[in-house]
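**Q** run.cif is the file, holding mmCIF, C-alpha atoms:
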```cif
data_input
#
loop_
_atom_site.group_PDB
_atom_site.id
_atom_site.type_symbol
_atom_site.label_atom_id
_atom_site.label_comp_id
_atom_site.auth_asym_id
_atom_site.auth_seq_id
_atom_site.Cartn_x
_atom_site.Cartn_y
_atom_site.Cartn_z
ATOM 1 C CA MET A 1 67.050 6.571 -12.446
ATOM 2 C CA GLY A 2 68.072 4.992 -9.127
ATOM 3 C CA ALA A 3 68.034 8.385 -7.369
ATOM 4 C CA ALA A 4 64.579 9.182 -8.707
ATOM 5 C CA ALA A 5 63.052 5.919 -7.500
ATOM 6 C CA PRO A 6 62.446 7.052 -3.881
ATOM 7 C CA ILE A 7 60.823 10.261 -5.089
ATOM 8 C CA ILE A 8 58.521 8.326 -7.411
ATOM 9 C CA TYR A 9 57.668 5.936 -4.586
ATOM 10 C CA VAL A 10 56.792 8.799 -2.218
ATOM 11 C CA GLY A 11 54.645 10.380 -4.928
ATOM 12 C CA VAL A 12 52.747 7.128 -5.486
ATOM 13 C CA VAL A 13 52.119 6.700 -1.757
ATOM 14 C CA LEU A 14 50.975 10.309 -1.451
ATOM 15 C CA LEU A 15 48.650 9.926 -4.436
ATOM 16 C CA GLU A 16 47.193 6.752 -2.935
ATOM 17 C CA HIS A 17 46.500 8.492 0.361
ATOM 18 C CA LEU A 18 45.052 11.519 -1.398
ATOM 19 C CA THR A 19 42.634 9.249 -3.241
ATOM 20 C CA VAL A 20 41.568 7.614 0.011
ATOM 21 C CA ILE A 21 41.109 10.960 1.744
ATOM 22 C CA ALA A 22 39.396 12.598 -1.243
ATOM 23 C CA ILE A 23 36.801 9.845 -1.680
ATOM 24 C CA GLY A 24 36.211 9.588 2.057
ATOM 25 C CA THR A 25 35.733 13.349 2.341
ATOM 26 C CA LEU A 26 33.467 13.437 -0.698
ATOM 27 C CA MET A 27 31.200 10.649 0.564
ATOM 28 C CA GLY A 28 31.092 12.039 4.114
ATOM 29 C CA SER A 29 30.164 15.485 2.807
ATOM 30 C CA LEU A 30 27.504 13.928 0.573
ATOM 31 C CA GLY A 31 26.095 12.082 3.566
ATOM 32 C CA ARG A 32 25.896 15.313 5.552
ATOM 33 C CA LEU A 33 24.159 17.044 2.651
ATOM 34 C CA LEU A 34 21.552 14.285 2.362
ATOM 35 C CA LEU A 35 20.871 14.474 6.099
ATOM 36 C CA LEU A 36 20.448 18.254 5.988
ATOM 37 C CA HIS A 37 17.161 19.704 4.840
ATOM 38 C CA VAL A 38 14.882 22.606 5.588
ATOM 39 C CA ASP A 39 11.396 21.472 6.535
ATOM 40 C CA TYR A 40 8.273 23.125 7.929
ATOM 41 C CA ARG A 41 10.189 24.091 11.094
ATOM 42 C CA GLN A 42 12.411 26.332 8.925
ATOM 43 C CA TYR A 43 15.532 25.327 10.760
ATOM 44 C CA PRO A 44 18.255 25.485 9.722
ATOM 45 C CA SER A 45 17.542 28.669 7.840
ATOM 46 C CA TYR A 46 18.556 29.002 4.227
ATOM 47 C CA PRO A 47 21.209 29.683 3.014
ATOM 48 C CA GLN A 48 23.437 30.912 5.872
ATOM 49 C CA ALA A 49 22.967 27.951 8.215
ATOM 50 C CA TYR A 50 23.350 25.583 5.250
ATOM 51 C CA VAL A 51 26.870 26.915 4.746
ATOM 52 C CA VAL A 52 27.713 26.505 8.427
ATOM 53 C CA HIS A 53 26.469 22.929 8.694
ATOM 54 C CA LEU A 54 27.932 21.811 5.377
ATOM 55 C CA ALA A 55 31.285 23.293 6.377
ATOM 56 C CA PHE A 56 31.195 21.377 9.664
ATOM 57 C CA GLY A 57 30.180 18.265 7.731
ATOM 58 C CA PHE A 58 33.122 18.669 5.345
ATOM 59 C CA VAL A 59 35.558 19.002 8.253
ATOM 60 C CA ALA A 60 34.033 15.970 9.975
ATOM 61 C CA ALA A 61 34.237 13.897 6.787
ATOM 62 C CA PHE A 62 37.851 14.930 6.228
ATOM 63 C CA LEU A 63 38.838 13.989 9.765
ATOM 64 C CA GLY A 64 37.098 10.647 9.427
ATOM 65 C CA SER A 65 38.739 9.887 6.094
ATOM 66 C CA ILE A 66 42.311 10.457 7.331
ATOM 67 C CA ALA A 67 41.958 7.942 10.174
ATOM 68 C CA ILE A 68 42.455 4.818 8.036
ATOM 69 C CA PRO A 69 45.498 6.105 6.056
ATOM 70 C CA ALA A 70 47.031 7.391 9.310
ATOM 71 C CA ILE A 71 46.643 4.019 10.992
ATOM 72 C CA ALA A 72 47.907 2.196 7.890
ATOM 73 C CA ALA A 73 50.996 4.427 7.902
ATOM 74 C CA LYS A 74 51.344 3.923 11.677
ATOM 75 C CA GLU A 75 50.919 7.661 12.198
ATOM 76 C CA PHE A 76 48.790 7.310 15.303
ATOM 77 C CA ALA A 77 49.250 10.943 16.260
ATOM 78 C CA ALA A 78 47.289 11.944 13.157
ATOM 79 C CA ALA A 79 44.455 9.600 14.090
ATOM 80 C CA SER A 80 44.226 11.317 17.477
ATOM 81 C CA PHE A 81 42.689 14.310 15.707
ATOM 82 C CA LEU A 82 39.407 12.422 15.860
ATOM 83 C CA ALA A 83 39.333 12.886 19.617
ATOM 84 C CA LEU A 84 39.933 16.596 19.148
ATOM 85 C CA ALA A 85 37.101 16.761 16.623
ATOM 86 C CA VAL A 86 34.674 15.273 19.148
ATOM 87 C CA THR A 87 35.475 18.116 21.531
ATOM 88 C CA GLN A 88 34.970 20.709 18.813
ATOM 89 C CA PHE A 89 31.668 19.276 17.645
ATOM 90 C CA ARG A 90 30.290 19.594 21.138
ATOM 91 C CA GLU A 91 30.517 23.302 20.523
ATOM 92 C CA VAL A 92 28.118 22.837 17.612
ATOM 93 C CA ARG A 93 25.417 21.727 20.022
ATOM 94 C CA LYS A 94 26.116 24.717 22.251
ATOM 95 C CA ILE A 95 25.935 27.147 19.331
ATOM 96 C CA GLU A 96 22.668 25.654 18.063
ATOM 97 C CA ARG A 97 21.160 25.720 21.537
ATOM 98 C CA GLU A 98 22.102 29.342 22.130
ATOM 99 C CA THR A 99 20.846 30.401 18.700
ATOM 100 C CA LEU A 100 17.469 28.740 19.153
ATOM 101 C CA GLU A 101 17.098 30.071 22.687
ATOM 102 C CA ARG A 102 17.588 33.601 21.365
ATOM 103 C CA LEU A 103 15.079 32.987 18.574
ATOM 104 C CA GLU A 104 12.600 31.564 21.077
ATOM 105 C CA LYS A 105 11.707 35.087 22.165
ATOM 106 C CA THR A 106 10.387 35.834 18.672
ATOM 107 C CA GLU A 107 8.078 32.802 18.477
ATOM 108 C CA LEU A 108 4.371 33.328 19.078
ATOM 109 C CA VAL A 109 4.175 29.701 20.205
ATOM 110 C CA PRO A 110 7.538 28.674 21.717
ATOM 111 C CA ARG A 111 9.248 25.396 20.862
ATOM 112 C CA GLY A 112 10.198 24.668 24.457
ATOM 113 C CA THR A 113 13.571 23.727 25.915
ATOM 114 C CA ALA A 114 13.169 19.997 25.173
ATOM 115 C CA TYR A 115 12.565 20.664 21.468
ATOM 116 C CA ILE A 116 15.551 23.025 21.316
ATOM 117 C CA GLU A 117 17.841 20.514 23.001
ATOM 118 C CA GLY A 118 16.675 17.808 20.594
ATOM 119 C CA ILE A 119 17.510 19.953 17.557
ATOM 120 C CA ALA A 120 20.931 20.842 18.998
ATOM 121 C CA LYS A 121 21.749 17.182 19.668
ATOM 122 C CA THR A 122 20.664 16.260 16.157
ATOM 123 C CA PHE A 123 23.098 18.628 14.486
ATOM 124 C CA GLU A 124 25.957 17.487 16.709
ATOM 125 C CA ALA A 125 25.199 13.828 16.014
ATOM 126 C CA ARG A 126 25.023 14.317 12.249
ATOM 127 C CA ASN A 127 28.558 15.645 12.200
ATOM 128 C CA TYR A 128 29.618 12.362 13.761
ATOM 129 C CA LEU A 129 27.667 10.554 11.062
ATOM 130 C CA ALA A 130 29.565 12.474 8.375
ATOM 131 C CA MET A 131 32.772 11.454 10.101
ATOM 132 C CA LEU A 132 31.661 7.809 10.153
ATOM 133 C CA VAL A 133 30.740 7.844 6.451
ATOM 134 C CA GLY A 134 34.146 9.340 5.601
ATOM 135 C CA LEU A 135 35.891 6.682 7.685
ATOM 136 C CA VAL A 136 33.978 3.779 6.110
ATOM 137 C CA ALA A 137 34.422 5.121 2.570
ATOM 138 C CA SER A 138 38.168 5.528 3.089
ATOM 139 C CA LEU A 139 38.255 1.992 4.489
ATOM 140 C CA GLY A 140 36.589 0.784 1.284
ATOM 141 C CA VAL A 141 39.264 2.490 -0.829
ATOM 142 C CA GLN A 142 41.979 0.998 1.363
ATOM 143 C CA VAL A 143 40.518 -2.495 0.986
ATOM 144 C CA GLY A 144 40.051 -2.108 -2.776
ATOM 145 C CA SER A 145 43.632 -0.937 -3.246
ATOM 146 C CA ARG A 146 44.832 -4.502 -2.632
ATOM 147 C CA TRP A 147 43.784 -5.405 -6.199
ATOM 148 C CA ASP A 148 46.133 -2.774 -7.696
ATOM 149 C CA SER A 149 43.267 -1.101 -9.546
ATOM 150 C CA PRO A 150 42.612 2.567 -8.710
ATOM 151 C CA VAL A 151 39.215 2.407 -10.387
ATOM 152 C CA LEU A 152 38.183 -0.649 -8.383
ATOM 153 C CA ALA A 153 39.483 0.927 -5.158
ATOM 154 C CA GLY A 154 37.639 4.172 -5.790
ATOM 155 C CA GLY A 155 34.453 2.349 -6.742
ATOM 156 C CA MET A 156 34.604 0.231 -3.612
ATOM 157 C CA GLY A 157 35.036 3.339 -1.480
ATOM 158 C CA ILE A 158 32.003 4.952 -3.110
ATOM 159 C CA VAL A 159 29.917 1.800 -2.614
ATOM 160 C CA PHE A 160 30.970 1.554 1.043
ATOM 161 C CA GLY A 161 30.061 5.207 1.532
ATOM 162 C CA LEU A 162 26.662 4.946 -0.174
ATOM 163 C CA VAL A 163 25.703 1.826 1.769
ATOM 164 C CA THR A 164 26.675 3.538 5.023
ATOM 165 C CA ILE A 165 24.625 6.621 4.119
ATOM 166 C CA VAL A 166 21.541 4.491 3.365
ATOM 167 C CA ILE A 167 21.886 2.516 6.599
ATOM 168 C CA LEU A 168 22.385 5.626 8.711
ATOM 169 C CA LYS A 169 19.564 7.521 7.034
ATOM 170 C CA ARG A 170 17.156 4.700 7.834
ATOM 171 C CA SER A 171 18.443 4.048 11.339
ATOM 172 C CA ILE A 172 18.222 7.646 12.577
ATOM 173 C CA THR A 173 14.627 8.153 11.482
ATOM 174 C CA ARG A 174 12.775 9.251 14.591
ATOM 175 C CA SER A 175 9.316 8.099 15.553
ATOM 176 C CA VAL A 176 6.449 10.579 15.467
ATOM 177 C CA VAL A 177 3.384 11.100 17.621
ATOM 178 C CA GLY A 178 1.287 9.134 15.143
ATOM 179 C CA ASP A 179 3.409 6.064 15.929
ATOM 180 C CA ILE A 180 2.645 6.133 19.654
ATOM 181 C CA ALA A 181 -0.867 7.603 19.807
ATOM 182 C CA HIS A 182 -4.208 7.839 18.029
ATOM 183 C CA VAL A 183 -5.238 11.371 17.084
ATOM 184 C CA ARG A 184 -8.944 12.073 16.632
ATOM 185 C CA PRO A 185 -11.203 15.137 16.532
ATOM 186 C CA ALA A 186 -12.654 16.400 19.793
ATOM 187 C CA ASP A 187 -15.412 18.830 20.733
ATOM 188 C CA ILE A 188 -14.915 22.227 22.321
ATOM 189 C CA ALA A 189 -17.268 23.104 25.186
ATOM 190 C CA PHE A 190 -17.480 25.619 28.019
ATOM 191 C CA ASP A 191 -18.321 25.041 31.652
ATOM 192 C CA GLY A 192 -19.059 28.640 32.514
ATOM 193 C CA PRO A 193 -15.841 30.456 31.552
ATOM 194 C CA LEU A 194 -13.771 27.241 31.586
ATOM 195 C CA LEU A 195 -12.715 25.834 28.209
ATOM 196 C CA VAL A 196 -13.218 22.066 28.275
ATOM 197 C CA VAL A 197 -12.054 19.429 25.756
ATOM 198 C CA GLU A 198 -12.547 15.697 26.373
ATOM 199 C CA GLY A 199 -13.452 16.461 29.977
ATOM 200 C CA VAL A 200 -10.117 18.264 30.487
ATOM 201 C CA GLN A 201 -10.255 21.861 31.687
ATOM 202 C CA LEU A 202 -7.722 23.824 29.675
ATOM 203 C CA MET A 203 -8.089 27.486 30.610
ATOM 204 C CA ASN A 204 -10.376 30.240 31.817
ATOM 205 C CA ILE A 205 -11.785 32.369 28.994
ATOM 206 C CA GLY A 206 -13.341 35.421 30.568
ATOM 207 C CA GLN A 207 -14.494 37.399 27.535
ATOM 208 C CA PRO A 208 -17.712 36.225 25.839
ATOM 209 C CA GLU A 209 -16.316 37.273 22.442
ATOM 210 C CA ALA A 210 -13.288 35.025 22.899
ATOM 211 C CA ARG A 211 -15.503 32.081 23.910
ATOM 212 C CA GLN A 212 -17.597 32.613 20.798
ATOM 213 C CA THR A 213 -14.420 32.642 18.675
ATOM 214 C CA TYR A 214 -13.399 29.275 20.111
ATOM 215 C CA LEU A 215 -16.825 27.785 19.390
ATOM 216 C CA GLU A 216 -16.913 29.105 15.829
ATOM 217 C CA GLN A 217 -13.278 28.979 14.700
ATOM 218 C CA GLY A 218 -11.497 26.731 17.182
ATOM 219 C CA LEU A 219 -10.398 23.147 16.651
ATOM 220 C CA ALA A 220 -9.557 20.466 19.191
ATOM 221 C CA VAL A 221 -8.089 16.981 19.028
ATOM 222 C CA ALA A 222 -7.673 14.165 21.501
ATOM 223 C CA ILE A 223 -4.310 12.396 21.512
ATOM 224 C CA VAL A 224 -4.903 8.902 22.875
ATOM 225 C CA PRO A 225 -1.737 6.979 23.877
ATOM 226 C CA LYS A 226 -1.418 3.451 22.511
ATOM 227 C CA SER A 227 0.535 2.052 25.473
ATOM 228 C CA ILE A 228 1.712 2.799 28.979
ATOM 229 C CA ASP A 229 5.016 3.988 27.510
ATOM 230 C CA ALA A 230 3.208 6.375 25.182
ATOM 231 C CA LYS A 231 1.124 7.624 28.097
ATOM 232 C CA ALA A 232 4.272 8.481 30.041
ATOM 233 C CA THR A 233 5.921 10.072 26.987
ATOM 234 C CA LEU A 234 2.927 12.280 26.232
ATOM 235 C CA GLY A 235 2.838 13.266 29.876
ATOM 236 C CA ASN A 236 6.161 15.027 29.412
ATOM 237 C CA VAL A 237 5.647 18.788 29.296
ATOM 238 C CA GLY A 238 8.368 19.247 26.672
ATOM 239 C CA GLN A 239 6.706 16.736 24.332
ATOM 240 C CA ARG A 240 3.329 18.438 24.641
ATOM 241 C CA GLN A 241 4.880 21.845 23.996
ATOM 242 C CA ALA A 242 6.520 20.445 20.857
ATOM 243 C CA ILE A 243 3.116 19.214 19.648
ATOM 244 C CA VAL A 244 1.554 22.610 20.279
ATOM 245 C CA HIS A 245 4.389 24.398 18.479
ATOM 246 C CA ASP A 246 4.229 22.173 15.403
ATOM 247 C CA ALA A 247 0.441 22.460 15.245
ATOM 248 C CA ALA A 248 0.693 26.250 15.350
ATOM 249 C CA THR A 249 3.520 26.267 12.794
ATOM 250 C CA LEU A 250 1.705 24.085 10.261
ATOM 251 C CA CYS A 251 -1.871 25.286 10.745
ATOM 252 C CA GLY A 252 -1.153 28.871 11.676
ATOM 253 C CA VAL A 253 -2.625 30.555 14.713
ATOM 254 C CA ARG A 254 -5.129 33.398 14.937
ATOM 255 C CA MET A 255 -3.368 35.446 17.579
ATOM 256 C CA ASP A 256 -0.742 38.110 18.128
ATOM 257 C CA VAL A 257 1.612 38.925 20.963
ATOM 258 C CA SER A 258 -1.119 40.366 23.183
ATOM 259 C CA ASP A 259 -3.776 37.713 22.443
ATOM 260 C CA LYS A 260 -2.918 35.311 25.233
ATOM 261 C CA GLU A 261 -6.436 33.882 25.394
ATOM 262 C CA PHE A 262 -5.886 32.327 21.959
ATOM 263 C CA MET A 263 -2.591 30.660 22.837
ATOM 264 C CA PRO A 264 -2.787 26.968 21.780
ATOM 265 C CA LEU A 265 -2.698 24.590 24.717
ATOM 266 C CA ALA A 266 -2.329 20.874 25.399
ATOM 267 C CA ARG A 267 -3.393 19.386 28.722
ATOM 268 C CA ARG A 268 -3.815 15.764 29.713
ATOM 269 C CA ASP A 269 -6.400 13.811 31.604
ATOM 270 C CA LEU A 270 -4.741 12.665 34.810
ATOM 271 C CA VAL A 271 -6.469 9.268 34.780
ATOM 272 C CA SER A 272 -6.564 8.142 31.151
ATOM 273 C CA GLY A 273 -3.491 10.044 29.959
ATOM 274 C CA VAL A 274 -5.411 11.397 26.946
ATOM 275 C CA VAL A 275 -3.981 14.748 25.838
ATOM 276 C CA ALA A 276 -6.481 17.395 24.755
ATOM 277 C CA LEU A 277 -5.191 20.076 22.399
ATOM 278 C CA VAL A 278 -7.085 23.210 21.390
ATOM 279 C CA ILE A 279 -6.112 25.850 18.856
ATOM 280 C CA VAL A 280 -7.697 28.670 16.890
ATOM 281 C CA PRO A 281 -5.955 28.112 13.538
ATOM 282 C CA ALA A 282 -5.515 30.571 10.714
ATOM 283 C CA GLU A 283 -7.631 28.277 8.525
ATOM 284 C CA LYS A 284 -10.144 25.897 10.068
ATOM 285 C CA ASN A 285 -9.133 22.485 8.756
ATOM 286 C CA MET A 286 -9.406 19.481 11.034
ATOM 287 C CA GLU A 287 -7.524 17.120 8.703
ATOM 288 C CA ALA A 288 -4.548 19.483 8.591
ATOM 289 C CA LEU A 289 -4.476 19.746 12.380
ATOM 290 C CA ILE A 290 -4.584 15.962 12.829
ATOM 291 C CA ALA A 291 -1.795 15.535 10.289
ATOM 292 C CA ALA A 292 0.301 18.208 12.028
ATOM 293 C CA VAL A 293 -0.072 16.519 15.414
ATOM 294 C CA ARG A 294 0.617 13.054 14.024
ATOM 295 C CA GLN A 295 3.880 14.069 12.338
ATOM 296 C CA THR A 296 5.332 15.897 15.354
ATOM 297 C CA PRO A 297 8.581 14.114 16.257
ATOM 298 C CA VAL A 298 8.830 12.225 19.523
ATOM 299 C CA LEU A 299 11.606 13.969 21.410
ATOM 300 C CA GLU A 300 14.411 11.733 22.639
ATOM 301 C CA ASP A 301 14.497 13.462 26.012
ATOM 302 C CA SER A 302 10.750 12.913 26.419
ATOM 303 C CA VAL A 303 10.706 9.159 25.757
ATOM 304 C CA ARG A 304 9.761 7.084 28.793
ATOM 305 C CA ARG A 305 9.553 3.286 29.013
ATOM 306 C CA PRO A 306 7.974 2.390 32.359
ATOM 307 C CA SER A 307 6.869 -0.974 30.930
ATOM 308 C CA ALA A 308 10.492 -2.118 31.058
ATOM 309 C CA ALA A 309 10.742 -1.466 34.793
ATOM 310 C CA GLU A 310 9.913 -4.062 37.444
ATOM 311 C CA PRO A 311 7.181 -2.039 39.237
ATOM 312 C CA SER A 312 5.037 -1.826 36.091
ATOM 313 C CA LYS A 313 4.965 -5.638 35.813
ATOM 314 C CA ILE A 314 3.214 -6.017 39.159
ATOM 315 C CA MET A 315 0.723 -3.207 38.593
ATOM 316 C CA PRO A 316 -2.844 -4.247 37.672
#
```
Any chance you could put this one into structure tokens?

**A**
Amino acid sequence: MGAAAPIIYVGVVLLEHLTVIAIGTLMGSLGRLLLLHVDYRQYPSYPQAYVVHLAFGFVAAFLGSIAIPAIAAKEFAAASFLALAVTQFREVRKIERETLERLEKTELVPRGTAYIEGIAKTFEARNYLAMLVGLVASLGVQVGSRWDSPVLAGGMGIVFGLVTIVILKRSITRSVVGDIAHVRPADIAFDGPLLVVEGVQLMNIGQPEARQTYLEQGLAVAIVPKSIDAKATLGNVGQRQAIVHDAATLCGVRMDVSDKEFMPLARRDLVSGVVALVIVPAEKNMEALIAAVRQTPVLEDSVRRPSAAEPSKIMP
């Protein structure tokens, strides 16, 4: 019996650590699943990219969950795997970027480099979130184990994980164009061959048939910034290209590869900062176009805050 005691002790310790790691990995993987969804942008694709991202999420959650047991056991070398994981997850961004850049050639209305970079950063960051959920959940199990109740420890780990998922899901919600600007219908007019919306000249339409198509089937909206920060953000070319892409994706576009005169465009008034967008949609529906523009995400790389700078405070 005395000889078997160390073996039993090692088994108990191993079981305890396995419980911590298992619950942490489970909650981190669940968090990654809840943060992963296919929307109107159809990225990631289904089901192949789902498998890739969920696999990365599982690995991230596992690495996060072993940090607390490793530190508790004073195995600091094992905890150093987190640093290695950060390096590996940077490759995720690179893979996503390269994939989307290759797919960009097949898009009638391109996303733009800013949109692509934003998507790539998002998938890298969400692996870190899975790692964080796994770490917090395993911490909850470790804290609950002090009461010598496996059920209580496991329940505490699950609660810690769920609370972390809810907090992260709310905190990473990005703002959309509707939060920073008013979107209203606008009229399409021609000044000779020049297509004009809200006083902004968008393009030269040489063929009378194309001009008639714009007048009969085209739709236009004015995107009016709510603040000086919004004005600067909407002035970013990448942000405007993202708006055009989402509008074309949601409303459709009546064009093919060779129909460049029907390419949706967004140009801004240099004085007021109002962005005029014109499109010939597959179905003429102004409400759908306004909704599409309003729900376009504000790209992180496009956000500008000149109001926080000293020069803007002395401007009239």

**Q** Which residue, A:Leu277, A:Ile223, A:Leu215, A:Leu135, has the smallest gap to Gln241 of chain A when you use all atoms listed in the file?

**A**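 Among A:Leu277, A:Ile223, A:Leu215, A:Leu135, it is A:Leu277 that comes nearest to Gln241 of chain A.
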
**Q** Restricting the calculation to only C-alpha atoms, which member of A:Leu194, A:Val136, A:Ile71, A:Leu250 is positioned closest to Glu287 of chain A?

**A** A:Leu250

**Q** With distances taken over all atoms listed in the file, which of A:Ala186, A:Met263, A:Leu54, A:Val159 is nearest to Gly144 of chain A?

**A**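 Between A:Ala186, A:Met263, A:Leu54, A:Val159, the residue approaching Gly144 of chain A most closely is A:Val159.
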
**Q** Compare A:Gln239, A:Thr19, A:Thr249, A:Thr25 by their minimum atom-to-atom distance to Val141 of chain A, counting all atoms listed in the file, and give me the closest one.

**A** A:Thr19

**Q** Quick one: everything within 12 Å of segment 105-107 of chain A, counting only C-alpha atoms, minus sequence neighbours fewer than 4 positions away in the same chain. Send it as a ChimeraX atom specification.

**A** /A:41,98-101,111-112,245-246,248-249,253,255-257,263

**Q** If you measure from atom CA of Met27 of chain A to atom CA of Lys74 of chain A, what distance in Å do you get, rounded to one decimal?

**A**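 A separation of 24.0 Å between them.
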
**Q** Just the number, please: distance in Å from atom CA of Gly24 of chain A to atom CA of Glu96 of chain A, one decimal.

**A**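 A separation of 26.4 Å between them.
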
**Q** Could the residues of segment 214-261 of chain A that have an atom at most 12 Å from segment 199-207 of chain A be listed as a Markdown table, each with its closest atom pair and the distance in Å to one decimal, counting only C-alpha atoms and ordered by chain and ascending residue number?

**A**
```
| residue | atom | partner | partner_atom | distance |
| --- | --- | --- | --- | --- |
| A:Tyr214 | CA | A:Ile205 | CA | 9.5 |
| A:Leu215 | CA | A:Ile205 | CA | 11.8 |
| A:Ala220 | CA | A:Leu202 | CA | 11.2 |
| A:Val221 | CA | A:Val200 | CA | 11.7 |
| A:Ala222 | CA | A:Val200 | CA | 10.2 |
| A:Asp259 | CA | A:Ile205 | CA | 11.6 |
| A:Lys260 | CA | A:Ile205 | CA | 10.1 |
| A:Glu261 | CA | A:Ile205 | CA | 6.6 |
```

**Q** For a test of reading the model, state the distance in Å between atom CA of Gly178 of chain A and atom CA of Ala291 of chain A, rounded to one decimal.

**A**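 Computed distance, atom CA of Gly178 of chain A to atom CA of Ala291 of chain A, equals 8.6 Å.
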
**Q** From the set A:Gly64, A:Gly57, A:Pro306, A:Pro69, which residue has the shortest atom-to-atom contact distance to Val92 of chain A, counting only C-alpha atoms?

**A** A:Gly57

**Q** Would you list the contacts of Ile158 of chain A as a list in words, taking every protein, DNA or RNA residue within 9 Å and counting only C-alpha atoms, but skipping same-chain residues closer than 2 positions in sequence?

**A**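 Selected residues are Ile23, Gly24, Leu26, Met27, Ala137, Ser138, Gly140, Val141, Ala153, Gly154, Gly155, Met156, Phe160, Gly161, Leu162 and Val163 of chain A.
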
**Q** Considering all atoms listed in the file, return as a list in words whatever protein or nucleic-acid residues lie within 9 Å of Ile119 of chain A, sequence-local ones (same chain, fewer than 4 positions apart) excluded.

**A**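 Near Ile119 of chain A, the qualifying residues are Tyr43, Arg93, Glu96, Arg97, Leu100, Ala114, Tyr115, Phe123 and Glu124 of chain A.
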
**Q** So what does the PyMOL selection byres ((chain A and resi 55) around 12) actually pick up in this one, as a PyMOL selection string?

**A** chain A and resi 25+28-30+32-33+36+48-54+56-62+89+92+127+130

**Q** Within 6 Å of Val224 of chain A, counting all atoms listed in the file, which residues show up once you throw out same-chain ones fewer than 5 positions away? Write them as a PyMOL selection string, please.

**A** chain A and resi 181-182+274

**Q** Any chance you could work out the residue set of the PyMOL selection byres ((chain A and resi 187) around 9) here, as a PyMOL selection string?

**A** chain A and resi 185-186+188-189+196-198+219-221

**Q** Just need the box for segment 253-267 of chain A, edges along x, y and z, holding every atom the file lists for it with 4 Å tacked onto each side, so centre and edge lengths in Å to one decimal, as AutoDock Vina command-line options.

**A**
```
--center_x -2.4 --center_y 29.9 --center_z 21.7 --size_x 16.0 --size_y 29.0 --size_z 22.0
```
